[in-house]
Every structure is written in structure tokens, then in C-alpha cells.
$ cat coords_3.pdb   # PDB, C-alpha atoms and all ligand atoms
ATOM      1  CA  MET A  22      -7.530  -7.362  -1.441  1.00  0.00           C
ATOM      2  CA  GLN A  23      -7.216  -6.138   2.112  1.00  0.00           C
ATOM      3  CA  LEU A  24      -4.112  -6.035   4.263  1.00  0.00           C
ATOM      4  CA  LYS A  25      -4.412  -6.328   8.024  1.00  0.00           C
ATOM      5  CA  ARG A  26      -1.343  -5.469  10.058  1.00  0.00           C
ATOM      6  CA  LEU A  27      -0.509  -7.516  13.142  1.00  0.00           C
ATOM      7  CA  TYR A  28       1.180  -5.963  16.166  1.00  0.00           C
ATOM      8  CA  HIS A  29       3.156  -7.153  19.166  1.00  0.00           C
ATOM      9  CA  ARG A  30       1.122  -6.844  22.363  1.00  0.00           C
ATOM     10  CA  VAL A  31       2.733  -5.481  25.503  1.00  0.00           C
ATOM     11  CA  LEU A  32       2.532  -8.140  28.230  1.00  0.00           C
ATOM     12  CA  ASP A  33       2.658  -7.682  31.994  1.00  0.00           C
ATOM     13  CA  ASP A  34       4.746  -9.738  34.450  1.00  0.00           C
ATOM     14  CA  ASN A  35       2.143 -12.522  34.335  1.00  0.00           C
ATOM     15  CA  GLY A  36       2.233 -12.706  30.556  1.00  0.00           C
ATOM     16  CA  LEU A  37      -1.162 -11.076  30.160  1.00  0.00           C
ATOM     17  CA  PRO A  38      -1.826  -8.338  27.595  1.00  0.00           C
ATOM     18  CA  VAL A  39      -1.669  -4.847  29.062  1.00  0.00           C
ATOM     19  CA  GLN A  40      -4.627  -2.581  28.427  1.00  0.00           C
ATOM     20  CA  GLU A  41      -4.386   1.134  27.903  1.00  0.00           C
ATOM     21  CA  TYR A  42      -7.119   3.737  27.926  1.00  0.00           C
ATOM     22  CA  ALA A  43      -8.176   5.160  24.591  1.00  0.00           C
ATOM     23  CA  ARG A  44      -7.628   8.918  24.533  1.00  0.00           C
ATOM     24  CA  ASP A  45      -8.961  11.692  22.353  1.00  0.00           C
ATOM     25  CA  ALA A  46      -6.850  14.281  20.524  1.00  0.00           C
ATOM     26  CA  ALA A  47      -6.630  16.407  23.684  1.00  0.00           C
ATOM     27  CA  GLY A  48      -5.248  13.432  25.643  1.00  0.00           C
ATOM     28  CA  ASP A  49      -8.398  12.885  27.715  1.00  0.00           C
ATOM     29  CA  ILE A  50      -9.648   9.366  28.375  1.00  0.00           C
ATOM     30  CA  ILE A  51     -12.615   8.533  26.143  1.00  0.00           C
ATOM     31  CA  ILE A  52     -15.715   7.480  28.102  1.00  0.00           C
ATOM     32  CA  ASP A  53     -18.340   5.433  26.290  1.00  0.00           C
ATOM     33  CA  LYS A  54     -21.577   7.456  26.519  1.00  0.00           C
ATOM     34  CA  ALA A  55     -23.883   4.445  26.792  1.00  0.00           C
ATOM     35  CA  THR A  56     -21.977   2.365  29.311  1.00  0.00           C
ATOM     36  CA  ARG A  57     -20.082   5.208  31.057  1.00  0.00           C
ATOM     37  CA  ILE A  58     -17.031   2.969  31.013  1.00  0.00           C
ATOM     38  CA  ALA A  59     -13.629   4.211  29.884  1.00  0.00           C
ATOM     39  CA  LYS A  60     -12.688   2.749  26.527  1.00  0.00           C
ATOM     40  CA  ALA A  61      -9.582   0.580  26.677  1.00  0.00           C
ATOM     41  CA  ARG A  62      -7.617  -1.407  24.145  1.00  0.00           C
ATOM     42  CA  LEU A  63      -4.703  -3.800  24.227  1.00  0.00           C
ATOM     43  CA  LYS A  64      -1.430  -1.932  24.367  1.00  0.00           C
ATOM     44  CA  ILE A  65       0.882  -2.513  21.400  1.00  0.00           C
ATOM     45  CA  MET A  66       4.659  -2.226  21.220  1.00  0.00           C
ATOM     46  CA  ARG A  67       6.026   0.969  19.732  1.00  0.00           C
ATOM     47  CA  ASP A  68       9.450   2.065  18.617  1.00  0.00           C
ATOM     48  CA  GLU A  69      11.310   5.061  20.056  1.00  0.00           C
ATOM     49  CA  ALA A  70       9.546   7.408  17.646  1.00  0.00           C
ATOM     50  CA  GLY A  71       6.160   6.136  18.843  1.00  0.00           C
ATOM     51  CA  ALA A  72       5.310   4.168  15.713  1.00  0.00           C
ATOM     52  CA  ALA A  73       3.585   0.802  16.175  1.00  0.00           C
ATOM     53  CA  ILE A  74       5.905  -2.146  15.490  1.00  0.00           C
ATOM     54  CA  VAL A  75       4.367  -4.423  12.848  1.00  0.00           C
ATOM     55  CA  ARG A  76       5.028  -8.128  13.358  1.00  0.00           C
ATOM     56  CA  GLY A  77       3.332  -9.289  10.197  1.00  0.00           C
ATOM     57  CA  VAL A  78       0.431  -8.878   7.876  1.00  0.00           C
ATOM     58  CA  LEU A  79      -2.668 -10.856   6.938  1.00  0.00           C
ATOM     59  CA  VAL A  80      -4.051 -10.818   3.403  1.00  0.00           C
ATOM     60  CA  GLU A  81      -7.837 -10.922   3.277  1.00  0.00           C
ATOM     61  CA  ARG A  82     -10.311 -10.990   0.405  1.00  0.00           C
ATOM     62  CA  LEU A  83      -7.769 -11.861  -2.285  1.00  0.00           C
ATOM     63  CA  PRO A  84      -9.449 -12.146  -5.700  1.00  0.00           C
ATOM     64  CA  LEU A  85      -7.594 -14.841  -7.643  1.00  0.00           C
ATOM     65  CA  HIS A  86      -7.989 -13.554 -11.179  1.00  0.00           C
ATOM     66  CA  ASP A  87      -8.209  -9.789 -10.955  1.00  0.00           C
ATOM     67  CA  ALA A  88      -5.408  -7.321 -11.422  1.00  0.00           C
ATOM     68  CA  HIS A  89      -3.915  -5.977  -8.208  1.00  0.00           C
ATOM     69  CA  LYS A  90      -2.591  -2.473  -7.709  1.00  0.00           C
ATOM     70  CA  PHE A  91       0.402  -1.623  -5.529  1.00  0.00           C
ATOM     71  CA  SER A  92       1.230   2.013  -4.905  1.00  0.00           C
ATOM     72  CA  PRO A  93       4.921   2.871  -4.405  1.00  0.00           C
ATOM     73  CA  ARG A  94       3.935   4.094  -0.941  1.00  0.00           C
ATOM     74  CA  LEU A  95       2.453   0.715   0.058  1.00  0.00           C
ATOM     75  CA  ILE A  96       5.512  -1.087  -1.319  1.00  0.00           C
ATOM     76  CA  GLU A  97       7.863   1.132   0.704  1.00  0.00           C
ATOM     77  CA  ALA A  98       5.769   0.660   3.865  1.00  0.00           C
ATOM     78  CA  GLY A  99       5.731  -3.124   3.380  1.00  0.00           C
ATOM     79  CA  LYS A 100       9.500  -3.229   2.942  1.00  0.00           C
ATOM     80  CA  ALA A 101      10.095  -1.042   5.993  1.00  0.00           C
ATOM     81  CA  GLU A 102       7.750  -3.194   8.101  1.00  0.00           C
ATOM     82  CA  GLY A 103       9.275  -6.405   6.782  1.00  0.00           C
ATOM     83  CA  TRP A 104       6.272  -8.117   5.153  1.00  0.00           C
ATOM     84  CA  LEU A 105       6.961  -7.302   1.515  1.00  0.00           C
ATOM     85  CA  THR A 106       9.876  -7.882  -0.842  1.00  0.00           C
ATOM     86  CA  GLU A 107      10.260  -6.681  -4.401  1.00  0.00           C
ATOM     87  CA  THR A 108      12.334  -7.631  -7.437  1.00  0.00           C
ATOM     88  CA  ASP A 109      12.333  -6.175 -10.956  1.00  0.00           C
ATOM     89  CA  LYS A 110       9.549  -8.541 -11.987  1.00  0.00           C
ATOM     90  CA  LYS A 111       7.727  -9.536  -8.806  1.00  0.00           C
ATOM     91  CA  ILE A 112       6.187  -8.293  -5.569  1.00  0.00           C
ATOM     92  CA  THR A 113       5.909 -10.814  -2.734  1.00  0.00           C
ATOM     93  CA  ILE A 114       3.770 -10.409   0.372  1.00  0.00           C
ATOM     94  CA  HIS A 115       4.893 -12.592   3.270  1.00  0.00           C
ATOM     95  CA  CYS A 116       1.498 -13.332   4.805  1.00  0.00           C
ATOM     96  CA  ALA A 117       1.515 -14.408   8.452  1.00  0.00           C
ATOM     97  CA  LEU A 118      -1.131 -17.057   7.756  1.00  0.00           C
ATOM     98  CA  SER A 119      -0.819 -18.208   4.127  1.00  0.00           C
ATOM     99  CA  GLY A 120       2.917 -17.755   3.527  1.00  0.00           C
ATOM    100  CA  ASN A 121       4.257 -16.037   0.431  1.00  0.00           C
ATOM    101  CA  ILE A 122       1.804 -14.551  -2.046  1.00  0.00           C
ATOM    102  CA  VAL A 123       3.585 -13.641  -5.270  1.00  0.00           C
ATOM    103  CA  PHE A 124       2.415 -11.009  -7.742  1.00  0.00           C
ATOM    104  CA  LYS A 125       3.905 -10.589 -11.212  1.00  0.00           C
ATOM    105  CA  LYS A 126       4.411  -6.977 -12.254  1.00  0.00           C
ATOM    106  CA  VAL A 127       2.437  -6.259 -15.406  1.00  0.00           C
ATOM    107  CA  ALA A 128       2.993  -2.513 -15.702  1.00  0.00           C
ATOM    108  CA  ALA A 129       5.100  -0.021 -13.755  1.00  0.00           C
ATOM    109  CA  PRO A 130       3.925   3.389 -12.585  1.00  0.00           C
ATOM    110  CA  GLY A 131       4.094   5.839 -15.447  1.00  0.00           C
ATOM    111  CA  ARG A 132       2.202   7.306 -18.358  1.00  0.00           C
ATOM    112  CA  GLN A 133       0.691   5.331 -21.180  1.00  0.00           C
ATOM    113  CA  CYS A 134      -0.246   6.669 -24.603  1.00  0.00           C
ATOM    114  CA  ASN A 135      -3.961   6.259 -25.289  1.00  0.00           C
ATOM    115  CA  HIS A 136      -3.385   6.119 -29.046  1.00  0.00           C
ATOM    116  CA  CYS A 137      -0.726   3.404 -29.374  1.00  0.00           C
ATOM    117  CA  GLY A 138      -0.404   2.015 -25.816  1.00  0.00           C
ATOM    118  CA  LEU A 139       3.285   2.901 -25.523  1.00  0.00           C
ATOM    119  CA  SER A 140       4.727   3.260 -21.990  1.00  0.00           C
ATOM    120  CA  LEU A 141       6.031   6.763 -21.385  1.00  0.00           C
ATOM    121  CA  PRO A 142       8.083   8.215 -18.495  1.00  0.00           C
ATOM    122  CA  GLY A 143       6.130   8.743 -15.256  1.00  0.00           C
ATOM    123  CA  THR A 144       5.888  11.731 -12.948  1.00  0.00           C
ATOM    124  CA  GLN A 145       9.276  11.003 -11.343  1.00  0.00           C
ATOM    125  CA  ASP A 146      11.318  11.036 -14.555  1.00  0.00           C
ATOM    126  CA  ASP A 147       9.144  13.538 -16.387  1.00  0.00           C
ATOM    127  CA  PRO A 148       7.306  15.741 -13.836  1.00  0.00           C
ATOM    128  CA  SER A 149       5.722  18.094 -16.376  1.00  0.00           C
ATOM    129  CA  GLY A 150       4.693  15.386 -18.841  1.00  0.00           C
ATOM    130  CA  SER A 151       6.622  17.051 -21.672  1.00  0.00           C
ATOM    131  CA  VAL A 152       7.933  13.720 -23.017  1.00  0.00           C
ATOM    132  CA  ALA A 153       4.388  12.328 -23.175  1.00  0.00           C
ATOM    133  CA  ARG A 154       3.064  15.448 -24.919  1.00  0.00           C
ATOM    134  CA  ARG A 155       5.944  15.419 -27.411  1.00  0.00           C
ATOM    135  CA  HIS A 156       5.275  11.739 -28.144  1.00  0.00           C
ATOM    136  CA  VAL A 157       1.616  12.440 -28.906  1.00  0.00           C
ATOM    137  CA  ALA A 158       2.449  15.512 -31.019  1.00  0.00           C
ATOM    138  CA  ASP A 159       5.118  13.633 -33.009  1.00  0.00           C
ATOM    139  CA  GLU A 160       3.463  10.239 -33.403  1.00  0.00           C
ATOM    140  CA  HIS A 161      -0.221  11.102 -33.465  1.00  0.00           C
ATOM    141  CA  PRO A 162      -0.386  14.601 -35.004  1.00  0.00           C
ATOM    142  CA  ASP A 163      -4.003  14.173 -36.092  1.00  0.00           C
ATOM    143  CA  ALA A 164      -5.291  13.072 -32.687  1.00  0.00           C
ATOM    144  CA  GLY A 165      -7.342  15.391 -30.513  1.00  0.00           C
ATOM    145  CA  VAL A 166      -5.772  17.019 -27.465  1.00  0.00           C
ATOM    146  CA  ALA A 167      -8.055  15.550 -24.811  1.00  0.00           C
ATOM    147  CA  ASN A 168      -7.272  12.255 -23.061  1.00  0.00           C
ATOM    148  CA  ASP A 169      -3.979  11.744 -24.896  1.00  0.00           C
ATOM    149  CA  TYR A 170      -2.343   9.637 -22.204  1.00  0.00           C
ATOM    150  CA  ASP A 171      -3.129   8.094 -18.835  1.00  0.00           C
ATOM    151  CA  VAL A 172      -1.057   8.555 -15.704  1.00  0.00           C
ATOM    152  CA  ARG A 173      -0.743   5.461 -13.516  1.00  0.00           C
ATOM    153  CA  ASN A 174       0.734   5.964 -10.055  1.00  0.00           C
ATOM    154  CA  TYR A 175       0.821   2.288  -9.086  1.00  0.00           C
ATOM    155  CA  TYR A 176       2.217  -1.053 -10.196  1.00  0.00           C
ATOM    156  CA  LEU A 177      -0.321  -3.170 -11.981  1.00  0.00           C
ATOM    157  CA  THR A 178       0.213  -6.833 -11.051  1.00  0.00           C
ATOM    158  CA  LYS A 179      -1.286 -10.284 -11.540  1.00  0.00           C
ATOM    159  CA  LEU A 180      -1.387 -12.977  -8.909  1.00  0.00           C
ATOM    160  CA  GLU A 181       1.155 -15.643  -9.869  1.00  0.00           C
ATOM    161  CA  ALA A 182      -0.323 -19.094 -10.376  1.00  0.00           C
TER
HETATM  162 ZN    ZN B 201       1.410   6.809 -28.909  1.00  0.00          ZN
END
$ encode --input "coords_3.pdb" --output "C-alpha cells" --more "lines below"
Ligand SMILES: [Zn+2]
Amino acid sequence: MQLKRLYHRVLDDNGLPVQEYARDAAGDIIIDKATRIAKARLKIMRDEAGAAIVRGVLVERLPLHDAHKFSPRLIEAGKAEGWLTETDKKITIHCALSGNIVFKKVAAPGRQCNHCGLSLPGTQDDPSGSVARRHVADEHPDAGVANDYDVRNYYLTKLEA
């Protein structure tokens, strides 16, 4: 799955998109070596802090049957930009073209025991992993030390039918 953000274009008095010159890190206008023409792009609206204002998002290449991963960071960005909402059980992307695309949460970020599959506290509630290690020591005393549990830092979801 790919997400493509859409932006508001800055328009001039005639309603035409304003172009701005592309600049390098030093602030100099970038000149295309082959054509010797200054590179320009359509100017997009920005907030007072200089961040681009997102007007929506397009979802591309959406596999219908696979599991989809959502990092907490992507979820927070989507909420802040207004194209994603979240409940306890679902994540919804409000796609500018196809409307709402709903994903059912299958597993939350956290640790999972590799011996019995139990969900264990993640890095937020248990930064050092002591709960996970204690679980393995108490419940699976004969198991080896390596690969005792997995850490998942994303929501695992399924596309809702
Ligand atoms: Zn276990």
C-alpha cells in the first residue's frame, strides 16, 4: 500500500498555479545541467511553521487480502493531517478518490511470546522488556534464551470486507 499526499496549490490573481524555483540546501536555485533551465515546481500552501498543508491523501497499490501495517507515527501524522481516524478496533483512511478504507486492528504494537503467542506489554509500558523476560522465565523455564519474544512496533490490520 502506498499513500500519496495531496496539497493545496498557491494560485495567482488569474487562478493559475504559482511556480517557485527549486533550491538546494544552501538556498541557491537549482539549474538543470542538461537543459540549463532553472528547475521550478508548483508552489504549495504552507502553515506558519512552514509545513506543507495536506488537503487529502490517495491510497495506491492496495492489496486486498494481505495484512497491513500502521506505525503509531503514521497514525499520528494521518490524524494531524485529517485523513485518518482511529477507534479501539479500527483504522480508517479517508481517501480523496475512493472514500473511506477501513482496516480492522488485528494486533496492537507490543511484544509477543514466541513460545505461547501471548501478547506482552510493548516498549511504552515496559521499556526494558522485564515483563516479557519474566513471562518467559516463569512460563517456559526449559526454553532457550534466544528469540524468546518478538517486538512489534506497528498495528497489524486487515482490510475490512
Ligand atoms: Zn509464553
$ residues_near_ligand --input "coords_3.pdb" --ligand "ligand ZN 201 (chain B)" --cutoff "8 Å" --atoms "all atoms listed in the file" --output "list in words"
Gln133, Cys134, Asn135, His136, Cys137, Gly138, Leu139, His156, Val157, Glu160 and His161 of chain A
$ resolve_selection --input "coords_3.pdb" --expression "the PyMOL selection byres (((chain A and resi 121) around 12) and not hetatm)" --output "list in words"
Gly77, Val78, Leu79, Val80, Trp104, Leu105, Thr106, Lys111, Ile112, Thr113, Ile114, His115, Cys116, Ala117, Leu118, Ser119, Gly120, Ile122, Val123, Phe124, Leu180 and Glu181 of chain A
$ closest_residue --input "coords_3.pdb" --among "A:Arg44, A:Lys126, A:Arg67, A:Lys60" --to "Lys90 (chain A)" --atoms "all atoms listed in the file"
A:Lys126
$ atom_distance --input "coords_3.pdb" --atom1 "CA of Gln145 (chain A)" --atom2 "CA of Phe91 (chain A)"
16.5 Å
$ closest_residue --input "coords_3.pdb" --among "A:Asp45, A:Glu107, A:Glu69, A:Asp147" --to "Pro93 (chain A)" --atoms "only C-alpha atoms"
A:Glu107
$ closest_residue --input "coords_3.pdb" --among "A:Asp87, A:Asp146, A:Asp109, A:Asp159" --to "Thr178 (chain A)" --atoms "all atoms listed in the file"
A:Asp87
$ atom_distance --input "coords_3.pdb" --atom1 "CA of Ala167 (chain A)" --atom2 "CA of Ser149 (chain A)"
16.4 Å
$ closest_residue --input "coords_3.pdb" --among "A:Ala98, A:Leu83, A:Leu27, A:Ala182" --to "Ile65 (chain A)" --atoms "all atoms listed in the file"
A:Leu27
$ atom_distance --input "coords_3.pdb" --atom1 "CA of Val172 (chain A)" --atom2 "CA of Ile96 (chain A)"
18.5 Å
$ resolve_selection --input "coords_3.pdb" --expression "the PyMOL selection byres (((chain A and resi 173) around 7) and not hetatm)" --output "ChimeraX atom specification"
/A:130-132,171-172,174-175
$ resolve_selection --input "coords_3.pdb" --expression "the PyMOL selection byres (((chain A and resi 23) around 7) and not hetatm)" --output "ChimeraX atom specification"
/A:22,24-25,80-82
$ axis_aligned_box --input "coords_3.pdb" --around "region 90-102 of chain A" --padding-each-side "8 Å" --output "lines of an AutoDock Vina configuration file"
center_x = 3.8
center_y = 0.4
center_z = 0.2
size_x = 28.7
size_y = 23.3
size_z = 31.8
$ residues_near_point --input "coords_3.pdb" --point "(0.4, -2.8, 27.2)" --cutoff "9 Å" --atoms "all atoms listed in the file" --output "PyMOL selection string"
chain A and resi 30-33+37-41+62-66
$ decode --input "coords_3.pdb" --residues "region 96-120 of chain A" --atoms "N, CA and C atoms" --output "compact mmCIF listing (two decimals), in the first residue's frame"
# COMPACT_ATOMS: atom_id res chain seq x y z
N ILE A 96 -0.02 6.85 12.03
CA ILE A 96 -1.36 7.10 12.54
C ILE A 96 -1.46 8.53 13.08
N GLU A 97 -0.46 8.96 13.84
CA GLU A 97 -0.48 10.32 14.39
C GLU A 97 -0.42 11.36 13.26
N ALA A 98 0.41 11.12 12.26
CA ALA A 98 0.52 12.05 11.13
C ALA A 98 -0.82 12.13 10.39
N GLY A 99 -1.45 10.99 10.16
CA GLY A 99 -2.73 10.96 9.45
C GLY A 99 -3.82 11.70 10.21
N LYS A 100 -3.83 11.55 11.53
CA LYS A 100 -4.81 12.27 12.35
C LYS A 100 -4.56 13.78 12.28
N ALA A 101 -3.29 14.16 12.42
CA ALA A 101 -2.95 15.59 12.42
C ALA A 101 -3.28 16.22 11.07
N GLU A 102 -3.10 15.46 9.99
CA GLU A 102 -3.36 16.00 8.65
C GLU A 102 -4.80 15.79 8.21
N GLY A 103 -5.58 15.07 9.01
CA GLY A 103 -7.01 14.99 8.79
C GLY A 103 -7.48 13.90 7.85
N TRP A 104 -6.64 12.94 7.47
CA TRP A 104 -7.08 11.91 6.53
C TRP A 104 -7.18 10.53 7.16
N LEU A 105 -7.03 10.46 8.49
CA LEU A 105 -7.11 9.18 9.16
C LEU A 105 -7.84 9.34 10.49
N THR A 106 -8.74 8.39 10.79
CA THR A 106 -9.35 8.34 12.11
C THR A 106 -9.16 6.94 12.67
N GLU A 107 -9.21 6.86 14.01
CA GLU A 107 -8.88 5.61 14.67
C GLU A 107 -9.86 5.38 15.82
N THR A 108 -10.32 4.14 15.97
CA THR A 108 -11.07 3.73 17.15
C THR A 108 -10.30 2.58 17.80
N ASP A 109 -10.86 2.02 18.87
CA ASP A 109 -10.18 0.91 19.54
C ASP A 109 -9.96 -0.26 18.59
N LYS A 110 -10.92 -0.46 17.67
CA LYS A 110 -10.87 -1.66 16.84
C LYS A 110 -10.51 -1.41 15.38
N LYS A 111 -10.62 -0.14 14.94
CA LYS A 111 -10.45 0.12 13.51
C LYS A 111 -9.60 1.34 13.21
N ILE A 112 -8.99 1.31 12.02
CA ILE A 112 -8.28 2.46 11.47
C ILE A 112 -8.93 2.76 10.13
N THR A 113 -9.34 4.01 9.92
CA THR A 113 -9.99 4.38 8.67
C THR A 113 -9.18 5.45 7.96
N ILE A 114 -8.86 5.19 6.69
CA ILE A 114 -8.23 6.20 5.84
C ILE A 114 -9.32 6.83 4.99
N HIS A 115 -9.40 8.14 5.01
CA HIS A 115 -10.37 8.87 4.20
C HIS A 115 -9.67 9.24 2.90
N CYS A 116 -9.81 8.37 1.91
CA CYS A 116 -9.10 8.54 0.64
C CYS A 116 -9.83 9.58 -0.22
N ALA A 117 -9.06 10.48 -0.83
CA ALA A 117 -9.65 11.55 -1.62
C ALA A 117 -10.39 11.02 -2.84
N LEU A 118 -10.02 9.84 -3.31
CA LEU A 118 -10.62 9.29 -4.53
C LEU A 118 -11.61 8.18 -4.23
N SER A 119 -11.27 7.24 -3.36
CA SER A 119 -12.12 6.06 -3.15
C SER A 119 -12.94 6.12 -1.86
N GLY A 120 -12.95 7.24 -1.16
CA GLY A 120 -13.72 7.31 0.08
C GLY A 120 -13.04 6.59 1.22
